[in-house]
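Asker: Dropping in run-v5.cif, which is mmCIF, C-alpha atoms:
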```cif
data_query
#
loop_
_atom_site.label_atom_id
_atom_site.label_comp_id
_atom_site.auth_asym_id
_atom_site.auth_seq_id
_atom_site.Cartn_x
_atom_site.Cartn_y
_atom_site.Cartn_z
CA MET A 1 22.42 -2.79 10.95
CA ALA A 2 18.64 -2.54 11.18
CA ASN A 3 16.22 -3.79 8.56
CA VAL A 4 13.04 -1.74 8.55
CA ALA A 5 9.49 -2.62 7.49
CA VAL A 6 7.16 0.23 6.57
CA VAL A 7 3.41 -0.40 6.77
CA GLY A 8 0.28 1.73 6.63
CA THR A 9 -1.79 2.10 9.81
CA GLN A 10 -5.09 3.01 8.15
CA TRP A 11 -6.85 2.06 4.88
CA GLY A 12 -3.88 2.82 2.69
CA ASP A 13 -3.08 6.14 1.01
CA GLU A 14 -1.14 7.24 4.11
CA GLY A 15 1.75 8.65 2.10
CA LYS A 16 4.00 5.59 2.30
CA GLY A 17 5.59 6.47 -1.05
CA LYS A 18 7.17 9.66 0.25
CA ILE A 19 8.38 8.02 3.47
CA VAL A 20 9.84 5.01 1.67
CA ASP A 21 11.52 7.39 -0.75
CA LEU A 22 13.09 9.29 2.18
CA TYR A 23 14.18 6.14 4.00
CA THR A 24 15.66 4.69 0.82
CA GLU A 25 18.47 7.23 1.13
CA LYS A 26 19.62 5.25 4.19
CA ALA A 27 18.89 1.78 2.82
CA ASP A 28 20.77 -0.42 0.38
CA ILE A 29 17.80 -2.53 -0.72
CA VAL A 30 14.07 -1.82 -1.06
CA ALA A 31 11.80 -4.88 -1.20
CA ARG A 32 8.09 -4.80 -2.04
CA PHE A 33 6.39 -7.78 -0.39
CA GLN A 34 2.66 -7.87 -1.29
CA GLY A 35 -0.13 -6.44 -3.43
CA GLY A 36 -0.18 -5.71 -7.11
CA ASN A 37 -0.80 -2.74 -9.35
CA ASN A 38 -3.88 -1.94 -7.28
CA ALA A 39 -1.49 0.01 -5.07
CA GLY A 40 -0.20 3.42 -6.08
CA HIS A 41 2.64 5.30 -4.40
CA THR A 42 2.84 9.00 -5.23
CA LEU A 43 6.24 10.71 -4.94
CA VAL A 44 6.93 14.42 -5.37
CA VAL A 45 10.57 15.12 -6.17
CA LYS A 46 11.68 18.67 -7.08
CA GLY A 47 8.06 19.54 -7.75
CA ASN A 48 7.55 16.64 -10.17
CA LYS A 49 4.97 13.95 -9.36
CA THR A 50 5.77 10.29 -10.03
CA ILE A 51 3.26 7.49 -9.38
CA LEU A 52 4.59 3.95 -8.98
CA HIS A 53 2.32 0.91 -8.87
CA LEU A 54 4.61 -2.13 -8.95
CA ILE A 55 8.21 -0.96 -8.94
CA PRO A 56 9.46 -0.12 -5.42
CA SER A 57 9.67 3.58 -4.58
CA GLY A 58 13.42 3.28 -4.07
CA ILE A 59 13.93 3.05 -7.83
CA LEU A 60 14.49 6.82 -8.00
CA HIS A 61 17.73 6.54 -6.02
CA ASP A 62 21.12 5.48 -7.39
CA ASN A 63 23.18 2.56 -6.10
CA LYS A 64 20.17 0.68 -4.71
CA THR A 65 18.72 -2.78 -5.22
CA CYS A 66 14.95 -2.88 -5.74
CA ILE A 67 13.05 -6.14 -5.39
CA ILE A 68 9.52 -7.19 -6.30
CA GLY A 69 9.06 -10.09 -3.92
CA ASN A 70 7.30 -13.43 -4.19
CA GLY A 71 4.29 -12.08 -2.27
CA VAL A 72 3.45 -9.63 -5.05
CA VAL A 73 1.10 -10.54 -7.91
CA LEU A 74 2.64 -9.19 -11.09
CA ASP A 75 1.04 -7.83 -14.22
CA PRO A 76 4.12 -7.96 -16.47
CA PHE A 77 2.68 -5.50 -18.98
CA VAL A 78 2.12 -2.90 -16.27
CA PHE A 79 5.68 -3.51 -15.08
CA LEU A 80 7.07 -2.86 -18.56
CA GLN A 81 4.90 0.21 -19.02
CA GLU A 82 6.06 1.64 -15.70
CA LEU A 83 9.67 0.90 -16.58
CA GLU A 84 9.26 2.65 -19.92
CA GLU A 85 7.76 5.73 -18.29
CA LEU A 86 10.64 5.94 -15.83
CA GLN A 87 13.13 5.65 -18.69
CA LYS A 88 11.36 8.35 -20.70
CA GLY A 89 11.50 10.68 -17.72
CA ASN A 90 15.20 9.93 -17.15
CA LEU A 91 14.27 8.72 -13.66
CA LEU A 92 16.17 5.41 -13.71
CA PRO A 93 19.55 5.84 -12.00
CA PRO A 94 22.44 4.09 -13.79
CA ASN A 95 23.62 1.91 -10.91
CA THR A 96 20.33 0.78 -9.39
CA ARG A 97 19.36 -2.84 -9.93
CA LEU A 98 15.80 -4.17 -10.22
CA PHE A 99 14.69 -7.77 -9.70
CA ILE A 100 11.42 -9.72 -9.87
CA SER A 101 10.96 -12.89 -7.86
CA GLU A 102 10.60 -15.97 -10.04
CA ARG A 103 8.06 -17.16 -7.44
CA ALA A 104 5.74 -14.16 -7.84
CA HIS A 105 2.37 -15.07 -9.34
CA LEU A 106 1.21 -13.55 -12.62
CA ILE A 107 -1.96 -11.59 -13.19
CA MET A 108 -3.56 -13.05 -16.30
CA PRO A 109 -6.21 -11.51 -18.61
CA TYR A 110 -8.88 -13.82 -17.19
CA HIS A 111 -8.16 -12.48 -13.71
CA ARG A 112 -9.00 -8.96 -14.86
CA SER A 113 -12.10 -10.13 -16.75
CA ILE A 114 -13.46 -12.03 -13.77
CA ASP A 115 -12.61 -9.20 -11.36
CA GLN A 116 -14.57 -6.67 -13.41
CA ALA A 117 -17.45 -9.00 -14.25
CA ARG A 118 -17.87 -10.03 -10.61
CA GLU A 119 -17.94 -6.44 -9.38
CA ALA A 120 -20.47 -5.50 -12.05
CA LYS A 121 -22.71 -8.43 -11.11
CA THR A 122 -22.75 -7.68 -7.35
CA SER A 123 -24.93 -4.59 -7.71
CA GLY A 124 -25.46 -2.87 -4.36
CA LYS A 125 -22.84 -5.00 -2.59
CA LYS A 126 -19.64 -3.91 -4.28
CA ILE A 127 -16.32 -4.47 -2.53
CA GLY A 128 -14.70 -1.54 -4.30
CA THR A 129 -12.05 -3.51 -6.20
CA THR A 130 -9.84 -1.70 -8.70
CA GLY A 131 -10.69 -4.32 -11.34
CA ARG A 132 -7.00 -5.03 -12.00
CA GLY A 133 -7.29 -8.78 -11.38
CA ILE A 134 -5.41 -8.80 -8.08
CA GLY A 135 -8.04 -10.69 -6.07
CA PRO A 136 -8.61 -13.45 -8.62
CA ALA A 137 -4.82 -13.87 -9.00
CA TYR A 138 -4.47 -14.44 -5.26
CA GLU A 139 -7.44 -16.82 -5.41
CA ASP A 140 -5.63 -18.97 -7.98
CA LYS A 141 -2.48 -18.83 -5.89
CA ALA A 142 -4.38 -20.23 -2.89
CA ALA A 143 -6.12 -22.78 -5.10
CA ARG A 144 -2.71 -23.92 -6.44
CA THR A 145 -3.71 -23.18 -10.02
CA GLY A 146 -1.74 -19.95 -10.36
CA ILE A 147 0.95 -19.29 -12.96
CA ARG A 148 4.25 -17.98 -11.60
CA VAL A 149 6.79 -15.74 -13.30
CA GLY A 150 9.24 -18.63 -13.53
CA ASP A 151 6.68 -20.73 -15.41
CA LEU A 152 7.04 -18.40 -18.41
CA TYR A 153 10.46 -19.93 -19.09
CA GLU A 154 9.12 -23.47 -19.32
CA GLU A 155 6.83 -23.03 -22.32
CA ASP A 156 5.20 -26.46 -22.21
CA LEU A 157 4.34 -26.03 -18.52
CA PHE A 158 3.07 -22.50 -19.10
CA ARG A 159 0.81 -23.54 -21.97
CA GLU A 160 -0.55 -26.50 -20.02
CA LYS A 161 -1.44 -24.33 -17.02
CA LEU A 162 -2.95 -21.68 -19.27
CA ARG A 163 -5.09 -24.26 -21.08
CA GLN A 164 -6.36 -25.81 -17.87
CA ASN A 165 -7.19 -22.43 -16.36
CA LEU A 166 -8.95 -21.14 -19.45
CA ASP A 167 -11.19 -24.23 -19.53
CA VAL A 168 -12.58 -23.14 -16.18
CA LYS A 169 -12.36 -19.35 -16.55
CA ASN A 170 -13.99 -19.23 -19.99
CA PHE A 171 -16.83 -21.45 -18.80
CA LEU A 172 -17.37 -19.06 -15.89
CA LEU A 173 -17.11 -15.94 -18.01
CA LYS A 174 -19.47 -17.22 -20.68
CA ASN A 175 -22.07 -19.12 -18.66
CA TYR A 176 -22.22 -17.20 -15.39
CA TYR A 177 -21.12 -13.66 -16.19
CA ASN A 178 -22.42 -13.59 -19.79
CA ASP A 179 -19.05 -12.24 -20.86
CA LYS A 180 -16.76 -13.02 -23.79
CA PRO A 181 -14.39 -16.01 -23.54
CA LEU A 182 -10.66 -15.37 -23.98
CA ASP A 183 -8.39 -16.77 -26.69
CA GLU A 184 -5.69 -19.16 -25.46
CA GLU A 185 -3.24 -18.66 -28.31
CA GLU A 186 -3.47 -14.89 -28.18
CA ILE A 187 -2.70 -14.87 -24.44
CA ALA A 188 0.15 -17.36 -24.85
CA ALA A 189 1.78 -15.30 -27.59
CA GLN A 190 1.50 -12.07 -25.58
CA TYR A 191 2.91 -13.51 -22.37
CA LEU A 192 5.75 -15.44 -23.99
CA ALA A 193 6.80 -12.28 -25.83
CA CYS A 194 6.61 -10.36 -22.57
CA ALA A 195 8.68 -13.05 -20.85
CA ARG A 196 11.61 -12.30 -23.16
CA LYS A 197 11.45 -8.61 -22.27
CA ILE A 198 11.48 -9.11 -18.49
CA LYS A 199 13.88 -12.09 -18.35
CA SER A 200 16.89 -10.01 -17.29
CA TYR A 201 14.99 -8.89 -14.17
CA VAL A 202 13.81 -12.35 -13.03
CA ALA A 203 15.77 -13.99 -10.21
CA ASP A 204 15.58 -15.95 -6.95
CA THR A 205 15.16 -12.78 -4.89
CA SER A 206 15.16 -14.68 -1.59
CA LEU A 207 18.78 -15.63 -2.23
CA ILE A 208 19.67 -12.05 -3.17
CA LEU A 209 18.15 -10.71 0.05
CA ASP A 210 19.82 -13.37 2.19
CA ARG A 211 23.23 -12.65 0.68
CA GLU A 212 22.90 -8.91 1.10
CA ILE A 213 21.66 -9.15 4.69
CA ARG A 214 24.56 -11.46 5.60
CA GLN A 215 26.90 -8.78 4.23
CA GLY A 216 25.39 -6.20 6.57
CA LYS A 217 23.33 -4.38 3.97
CA LYS A 218 20.28 -2.42 5.14
CA VAL A 219 16.89 -3.49 3.79
CA LEU A 220 13.70 -1.46 3.65
CA PHE A 221 10.57 -3.60 3.28
CA GLU A 222 7.83 -1.69 1.48
CA GLY A 223 4.20 -2.57 2.07
CA ALA A 224 1.22 -1.59 -0.04
CA GLN A 225 -2.29 -0.56 1.05
CA GLY A 226 -2.88 -0.29 4.83
CA SER A 227 -3.39 -2.44 7.93
CA HIS A 228 -7.18 -2.23 7.77
CA LEU A 229 -7.20 -3.59 4.24
CA ASP A 230 -5.44 -6.74 5.50
CA ILE A 231 -7.40 -9.83 4.50
CA ASP A 232 -7.24 -11.22 8.07
CA HIS A 233 -7.13 -8.12 10.25
CA GLY A 234 -8.95 -5.52 8.15
CA THR A 235 -12.60 -4.55 7.73
CA TYR A 236 -13.45 -7.82 5.96
CA PRO A 237 -14.84 -8.23 3.31
CA TYR A 238 -13.97 -4.64 2.33
CA VAL A 239 -10.29 -5.46 2.18
CA THR A 240 -7.54 -6.33 -0.27
CA SER A 241 -6.53 -9.90 -1.10
CA SER A 242 -3.24 -10.15 0.78
CA ASN A 243 -1.78 -9.62 4.23
CA THR A 244 -0.70 -5.99 4.53
CA VAL A 245 0.61 -6.22 8.10
CA SER A 246 4.33 -6.30 8.89
CA ALA A 247 4.55 -10.07 9.40
CA ASN A 248 4.05 -10.56 5.68
CA ALA A 249 7.26 -8.63 4.97
CA SER A 250 9.04 -11.86 5.86
CA CYS A 251 6.76 -14.31 4.05
CA GLY A 252 6.33 -12.09 1.01
CA SER A 253 10.03 -11.56 0.45
CA GLY A 254 11.47 -14.92 1.44
CA ILE A 255 13.54 -14.08 4.51
CA GLY A 256 13.22 -15.00 8.18
CA PRO A 257 11.25 -12.76 10.58
CA ASN A 258 14.31 -12.39 12.80
CA THR A 259 15.97 -10.27 10.10
CA ILE A 260 13.31 -7.53 10.39
CA THR A 261 14.35 -5.46 13.37
CA LYS A 262 12.07 -2.42 13.23
CA VAL A 263 8.57 -1.58 12.06
CA VAL A 264 7.53 1.97 11.20
CA GLY A 265 3.82 2.74 10.82
CA ILE A 266 2.74 5.47 8.43
CA CYS A 267 -0.20 7.46 9.79
CA LYS A 268 -1.99 10.28 7.99
CA ALA A 269 -2.94 13.18 10.29
CA TYR A 270 -6.57 12.45 9.41
CA THR A 271 -8.29 9.39 7.93
CA THR A 272 -9.22 8.54 4.35
CA ARG A 273 -10.74 5.58 2.61
CA VAL A 274 -11.24 4.63 -1.04
CA GLY A 275 -14.09 2.34 -1.97
CA GLU A 276 -16.79 0.74 0.12
CA GLY A 277 -16.98 -0.31 3.76
CA PRO A 278 -17.70 1.25 7.17
CA PHE A 279 -15.90 4.49 8.07
CA THR A 280 -16.71 5.56 11.62
CA THR A 281 -15.16 9.06 11.51
CA GLU A 282 -16.21 9.94 7.95
CA LEU A 283 -17.15 13.60 7.43
CA LYS A 284 -19.94 14.14 4.95
CA ASP A 285 -19.91 17.91 5.33
CA GLU A 286 -17.94 21.00 4.37
CA ILE A 287 -15.02 20.00 6.60
CA GLY A 288 -14.74 16.64 4.84
CA ASP A 289 -14.89 18.43 1.49
CA HIS A 290 -12.23 20.89 2.64
CA ILE A 291 -9.85 18.09 3.69
CA GLN A 292 -10.51 16.26 0.42
CA GLN A 293 -9.77 19.31 -1.70
CA VAL A 294 -6.76 20.63 0.24
CA GLY A 295 -5.27 17.15 0.59
CA GLN A 296 -5.96 16.33 -3.08
CA GLU A 297 -7.41 13.05 -1.93
CA PHE A 298 -7.80 11.05 -5.11
CA GLY A 299 -6.71 7.41 -5.52
CA ALA A 300 -3.25 7.20 -7.13
CA THR A 301 -4.29 4.08 -9.05
CA THR A 302 -7.99 4.66 -9.77
CA GLY A 303 -8.38 8.42 -9.50
CA ARG A 304 -11.42 7.82 -7.29
CA LYS A 305 -12.28 10.52 -4.77
CA ARG A 306 -11.26 9.44 -1.28
CA ARG A 307 -13.70 9.61 1.60
CA CYS A 308 -12.28 11.83 4.36
CA GLY A 309 -12.73 12.00 8.13
CA TRP A 310 -11.12 12.79 11.46
CA LEU A 311 -8.16 10.79 12.71
CA ASP A 312 -9.36 7.44 14.08
CA MET A 313 -7.01 6.23 16.81
CA VAL A 314 -9.02 3.04 17.34
CA LEU A 315 -7.77 1.93 13.92
CA VAL A 316 -4.22 3.20 14.48
CA ARG A 317 -3.89 1.47 17.88
CA GLN A 318 -5.02 -1.80 16.35
CA ALA A 319 -2.45 -1.44 13.57
CA VAL A 320 0.27 -0.74 16.15
CA ARG A 321 -0.69 -3.90 18.02
CA VAL A 322 -1.06 -6.24 15.04
CA SER A 323 2.10 -5.11 13.22
CA GLY A 324 4.31 -4.55 16.26
CA ILE A 325 4.84 -0.93 15.26
CA GLY A 326 7.51 0.78 17.35
CA ALA A 327 7.45 4.18 15.68
CA LEU A 328 5.15 6.40 13.66
CA ALA A 329 5.70 8.66 10.68
CA ILE A 330 2.91 11.25 10.49
CA THR A 331 1.98 12.56 7.05
CA LYS A 332 -0.06 15.45 5.60
CA LEU A 333 -0.18 17.47 8.81
CA ASP A 334 -0.25 20.59 6.63
CA VAL A 335 -3.69 19.67 5.28
CA LEU A 336 -5.22 20.45 8.69
CA THR A 337 -3.83 24.00 8.72
CA GLY A 338 -6.60 26.60 8.82
CA LEU A 339 -9.27 24.52 10.54
CA ASP A 340 -10.62 26.14 13.70
CA LYS A 341 -11.21 22.88 15.55
CA LEU A 342 -9.77 19.38 15.15
CA LYS A 343 -11.02 16.08 16.48
CA ILE A 344 -9.41 12.73 17.28
CA CYS A 345 -11.51 9.60 17.74
CA VAL A 346 -10.41 7.86 20.96
CA GLY A 347 -13.06 5.15 21.10
CA TYR A 348 -16.36 3.86 19.73
CA LYS A 349 -19.83 3.83 21.21
CA CYS A 350 -21.53 0.73 19.87
CA ALA A 351 -25.20 -0.17 19.61
CA GLY A 352 -26.67 -0.59 23.08
CA GLY A 353 -24.34 2.02 24.53
CA GLU A 354 -21.29 -0.23 24.88
CA PHE A 355 -17.94 1.62 24.72
CA THR A 356 -14.93 0.01 23.03
CA HIS A 357 -11.32 0.92 22.28
CA ALA A 358 -10.99 -1.82 19.63
CA ALA A 359 -12.49 -2.20 16.18
CA PRO A 360 -15.19 -4.93 16.20
CA ALA A 361 -14.64 -7.87 13.85
CA SER A 362 -18.32 -7.81 12.83
CA ILE A 363 -18.81 -5.45 9.91
CA GLN A 364 -22.42 -4.92 10.97
CA THR A 365 -21.40 -3.97 14.52
CA LEU A 366 -18.67 -1.68 13.23
CA SER A 367 -21.07 0.09 10.87
CA GLU A 368 -23.31 0.88 13.84
CA CYS A 369 -20.50 2.30 15.99
CA ARG A 370 -20.29 6.03 16.62
CA PRO A 371 -17.04 7.90 17.33
CA ILE A 372 -16.08 9.28 20.73
CA TYR A 373 -14.04 12.42 20.10
CA GLU A 374 -11.52 14.60 21.86
CA GLU A 375 -11.49 18.14 20.47
CA PHE A 376 -8.46 20.38 19.89
CA ASP A 377 -7.86 23.95 18.82
CA GLY A 378 -6.46 24.22 15.31
CA TRP A 379 -3.75 26.50 13.92
CA LYS A 380 -3.60 29.09 11.15
CA GLU A 381 0.17 29.38 10.67
CA ASP A 382 1.79 27.98 7.52
CA ILE A 383 3.92 24.98 8.53
CA LEU A 384 5.53 24.11 5.17
CA GLN A 385 8.88 25.59 6.20
CA ALA A 386 9.08 23.82 9.59
CA ARG A 387 12.07 21.49 9.88
CA GLU A 388 12.05 21.00 13.66
CA MET A 389 9.18 20.24 16.01
CA LYS A 390 9.73 23.51 17.88
CA GLU A 391 9.00 25.39 14.66
CA LEU A 392 5.45 24.01 14.55
CA PRO A 393 2.58 26.01 16.09
CA VAL A 394 1.81 25.13 19.71
CA ASN A 395 -1.56 23.64 18.79
CA ALA A 396 0.01 21.45 16.11
CA ARG A 397 2.45 20.10 18.69
CA LYS A 398 -0.39 19.44 21.15
CA TYR A 399 -2.24 17.51 18.45
CA LEU A 400 0.81 15.36 17.66
CA LYS A 401 1.58 14.77 21.35
CA ARG A 402 -1.92 13.41 21.97
CA LEU A 403 -1.70 11.25 18.85
CA GLU A 404 1.56 9.78 20.15
CA GLU A 405 0.06 9.12 23.60
CA LEU A 406 -2.98 7.38 22.18
CA ALA A 407 -0.95 5.24 19.77
CA GLU A 408 1.61 4.28 22.43
CA ALA A 409 4.26 4.60 19.75
CA LYS A 410 6.88 7.27 19.25
CA ILE A 411 6.64 9.80 16.41
CA ILE A 412 9.97 9.83 14.57
CA LEU A 413 8.94 11.82 11.48
CA THR A 414 6.32 14.40 10.57
CA SER A 415 5.58 15.41 6.99
CA VAL A 416 4.52 19.06 6.59
CA GLY A 417 4.22 19.09 2.79
CA PRO A 418 4.39 16.79 -0.25
CA GLY A 419 8.05 17.43 -1.16
CA ARG A 420 11.03 15.45 0.15
CA GLU A 421 12.43 18.47 1.97
CA GLU A 422 9.10 19.35 3.63
CA THR A 423 9.71 16.94 6.47
CA ILE A 424 10.62 17.04 10.15
CA VAL A 425 12.94 14.09 10.85
CA LEU A 426 13.40 13.22 14.52
CA GLU A 427 15.12 9.84 14.30
CA ASP A 428 16.70 7.56 11.71
CA PRO A 429 15.01 4.12 12.03
CA PHE A 430 18.10 2.42 10.65
CA LEU A 431 20.23 3.73 13.51
CA ASN A 432 18.08 4.31 16.57
CA LYS A 433 16.38 1.70 18.67
CA LEU A 434 12.62 2.03 18.61
#
```
Rewrite the structure of this file - the entire thing - as structure tokens.

Answerer:
Amino acid sequence: MANVAVVGTQWGDEGKGKIVDLYTEKADIVARFQGGNNAGHTLVVKGNKTILHLIPSGILHDNKTCIIGNGVVLDPFVFLQELEELQKGNLLPPNTRLFISERAHLIMPYHRSIDQAREAKTSGKKIGTTGRGIGPAYEDKAARTGIRVGDLYEEDLFREKLRQNLDVKNFLLKNYYNDKPLDEEEIAAQYLACARKIKSYVADTSLILDREIRQGKKVLFEGAQGSHLDIDHGTYPYVTSSNTVSANASCGSGIGPNTITKVVGICKAYTTRVGEGPFTTELKDEIGDHIQQVGQEFGATTGRKRRCGWLDMVLVRQAVRVSGIGALAITKLDVLTGLDKLKICVGYKCAGGEFTHAAPASIQTLSECRPIYEEFDGWKEDILQAREMKELPVNARKYLKRLEELAEAKIILTSVGPGREETIVLEDPFLNKL
């Protein structure tokens, strides 16, 4: 059986939550492999909206195994809060299991303090961080000073690491950021108490995945953010702090790359971005406002208004190449209904008149690029009830066909509304070769 990785092809917010939720019906296991609670997946089930930040979207289905992998940075208090909210809403199925990798790194209070203080200090050159401590947690991981989930169960080790880290972090907070130092004992007491509450979820998730895959179980690997927020391949430095491309599904969950057989890219029918950084197709006019309002484009985690623009196929093609995407799931096509004309960016005209089909690595060069558009007639018909491609307006089908040609990847799903049922499914990625 196939094991499928789902990744975003833009700057995140592509609607991965809905697609993962749909694909979970076919999967046995859903594994989240990177990011932290800076990511938010919005699901609409029977008209009710649920936003998940850490727990995999598959948690709403019964008889599934949900895994928070070693590549995730975990705020254990956010995890418990999310769990409590799911329980209050009677959204936790009785037979679904949830595990946290003992190798996942913890987000500590000093990570949040430094994240927020740093962003406040860099006036005029903000990255656009959520301030949740994700970046500083990954920094400590790379510096080999991080505290892992498993360390909570060796109290002497945990306290030693905490003490050593606070010596440095408090000096930085007090003397560089002019911020308040943090209390070691208070943090230790909070985290050790939290450790007792999450202990039943902590496991060697690599072993669990390996066992299940050997038994022929189907795994869905769930990414957060989007390809162009990848720390290596995104619009650096306006990126997240982890690798968001499909290759990290293996590293961030502890299984070999040969076990991931298919990659599905999630692509919004237009482009959005939260935070700072260049945005070649951004619309700062009434059309951009219309898309923002109709699409309800607000960050699921921060509530920030998303910047909106035409579909940028330069970005999507790069995501297809870097992640080895074999198929596309198109989301929010309904948002474009009612617009007289639509545009797709097929290339960039850079400073000096140079034409390119690839996103420049230089942020300065990219910010000076201008979009080269192809224009299409829009459609007025309501598409919410469409369940087959032939039920879409002719102009909607022409738009999707050109998108598919430019991406050089097959469209296997098109979302025509926020609900589960408002979807045109063309192929099952767990069954069909892509």

Asker: Quick one: residues within 10 Å of stretch 346-357 of chain A, only C-alpha atoms counted, chain neighbours fewer than 3 positions away excluded, as a list in words?

Answerer: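 After dropping sequence-adjacent residues, the list is Thr280, Thr281, Leu311, Asp312, Met313, Val314, Leu315, Arg317, Gln318, Lys343, Pro360, Thr365, Leu366, Ser367, Glu368, Cys369, Arg370, Pro371, Ile372, Tyr373, Glu374, Leu403, Leu406 and Ala407 of chain A.
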
Asker: Tell me which of A:Ala224, A:Val168, A:Leu283, A:Ala142 sits closest to A:Gly17, counting only C-alpha atoms.

Answerer: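 The closest residue to A:Gly17 is A:Ala224.
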
Asker: Could you check the closest approach to A:Phe99 for each of A:Arg132, A:Lys141, A:Lys64, A:Arg402 and tell me which residue wins, using only C-alpha atoms?

Answerer: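 Among the listed residues, the smallest separation from A:Phe99 belongs to A:Lys64.
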
Asker: List every residue of stretch 217-265 of chain A that has an atom at most 12 Å from any atom of stretch 410-414 of chain A, giving for each one its closest atom pair and the distance in Å to one decimal, counting only C-alpha atoms, sorted by chain and then by ascending residue number, as a tab-separated table.

Answerer:
```
residue	atom	partner	partner_atom	distance
A:Val263	CA	A:Lys410	CA	11.5
A:Val264	CA	A:Ile412	CA	8.9
A:Gly265	CA	A:Ile411	CA	9.4
```

Asker: Using only C-alpha atoms, collect all residues at a distance of at most 10 Å from (-3.1, -19.5, -16.3) as written in the file, then present them as a PyMOL selection string.

Answerer: chain A and resi 105-111+137+140+145-148+151+158-167+169+184+187-188

Asker: Could those selected residues go to a file with C-alpha atoms, as an mmCIF file, keeping the file's coordinate frame?

Answerer:
```cif
data_model
loop_
_atom_site.group_PDB
_atom_site.id
_atom_site.type_symbol
_atom_site.label_atom_id
_atom_site.label_comp_id
_atom_site.auth_asym_id
_atom_site.auth_seq_id
_atom_site.Cartn_x
_atom_site.Cartn_y
_atom_site.Cartn_z
ATOM 1 C CA HIS A 105 2.370 -15.070 -9.340
ATOM 2 C CA LEU A 106 1.210 -13.550 -12.620
ATOM 3 C CA ILE A 107 -1.960 -11.590 -13.190
ATOM 4 C CA MET A 108 -3.560 -13.050 -16.300
ATOM 5 C CA PRO A 109 -6.210 -11.510 -18.610
ATOM 6 C CA TYR A 110 -8.880 -13.820 -17.190
ATOM 7 C CA HIS A 111 -8.160 -12.480 -13.710
ATOM 8 C CA ALA A 137 -4.820 -13.870 -9.000
ATOM 9 C CA ASP A 140 -5.630 -18.970 -7.980
ATOM 10 C CA THR A 145 -3.710 -23.180 -10.020
ATOM 11 C CA GLY A 146 -1.740 -19.950 -10.360
ATOM 12 C CA ILE A 147 0.950 -19.290 -12.960
ATOM 13 C CA ARG A 148 4.250 -17.980 -11.600
ATOM 14 C CA ASP A 151 6.680 -20.730 -15.410
ATOM 15 C CA PHE A 158 3.070 -22.500 -19.100
ATOM 16 C CA ARG A 159 0.810 -23.540 -21.970
ATOM 17 C CA GLU A 160 -0.550 -26.500 -20.020
ATOM 18 C CA LYS A 161 -1.440 -24.330 -17.020
ATOM 19 C CA LEU A 162 -2.950 -21.680 -19.270
ATOM 20 C CA ARG A 163 -5.090 -24.260 -21.080
ATOM 21 C CA GLN A 164 -6.360 -25.810 -17.870
ATOM 22 C CA ASN A 165 -7.190 -22.430 -16.360
ATOM 23 C CA LEU A 166 -8.950 -21.140 -19.450
ATOM 24 C CA ASP A 167 -11.190 -24.230 -19.530
ATOM 25 C CA LYS A 169 -12.360 -19.350 -16.550
ATOM 26 C CA GLU A 184 -5.690 -19.160 -25.460
ATOM 27 C CA ILE A 187 -2.700 -14.870 -24.440
ATOM 28 C CA ALA A 188 0.150 -17.360 -24.850
#
```

Asker: Here's a test: counting only C-alpha atoms, identify every protein, DNA and RNA residue with an atom at most 12 Å from (-22.0, -14.7, -19.0) in the file's coordinate frame, and state them as an NGL selection string.

Answerer: :A and (113-114 or 117-118 or 120-121 or 169-181)

Asker: Using all atoms listed in the file, which of the listed residues (A:Ser253, A:Asn48, A:Asn37, A:Ser246) sits closest to A:Gly419?

Answerer: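 Looking at the shortest contact to A:Gly419, the residue is A:Asn48.
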
Asker: Separation of atom CA of A:Gln34 and atom CA of A:Gly295, in Å?

Answerer: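 We find that atom CA of A:Gln34 and atom CA of A:Gly295 lie 26.3 Å from each other.
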
Asker: Evaluating the PyMOL selection byres ((chain A and resi 153) around 12) on the displayed file yields which residues, as a list in words?

Answerer: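 For this structure, the PyMOL selection byres ((chain A and resi 153) around 12) captures Glu102, Ile147, Arg148, Val149, Gly150, Asp151, Leu152, Glu154, Glu155, Asp156, Leu157, Phe158, Arg159, Tyr191, Leu192, Ala193, Cys194, Ala195, Arg196, Lys197, Ile198, Lys199, Ser200, Val202 and Ala203 of chain A.
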
Asker: Give me, please, the distance in Å between atom CA of A:Thr331 and atom CA of A:Val416, quoted to one decimal.

Answerer: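 Distance reported for this atom pair: 7.0 Å.
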
Asker: Quick one: which stretch 147-209 of chain A residues come within 12 Å of stretch 214-218 of chain A, and what is the nearest atom pair for each with the distance in Å to one decimal, counting all atoms listed in the file, rows ordered by chain and ascending number, as a tab-separated table?

Answerer:
```
residue	atom	partner	partner_atom	distance
A:Leu207	CA	A:Arg214	CA	10.6
A:Ile208	CA	A:Arg214	CA	10.1
A:Leu209	CA	A:Arg214	CA	8.5
```
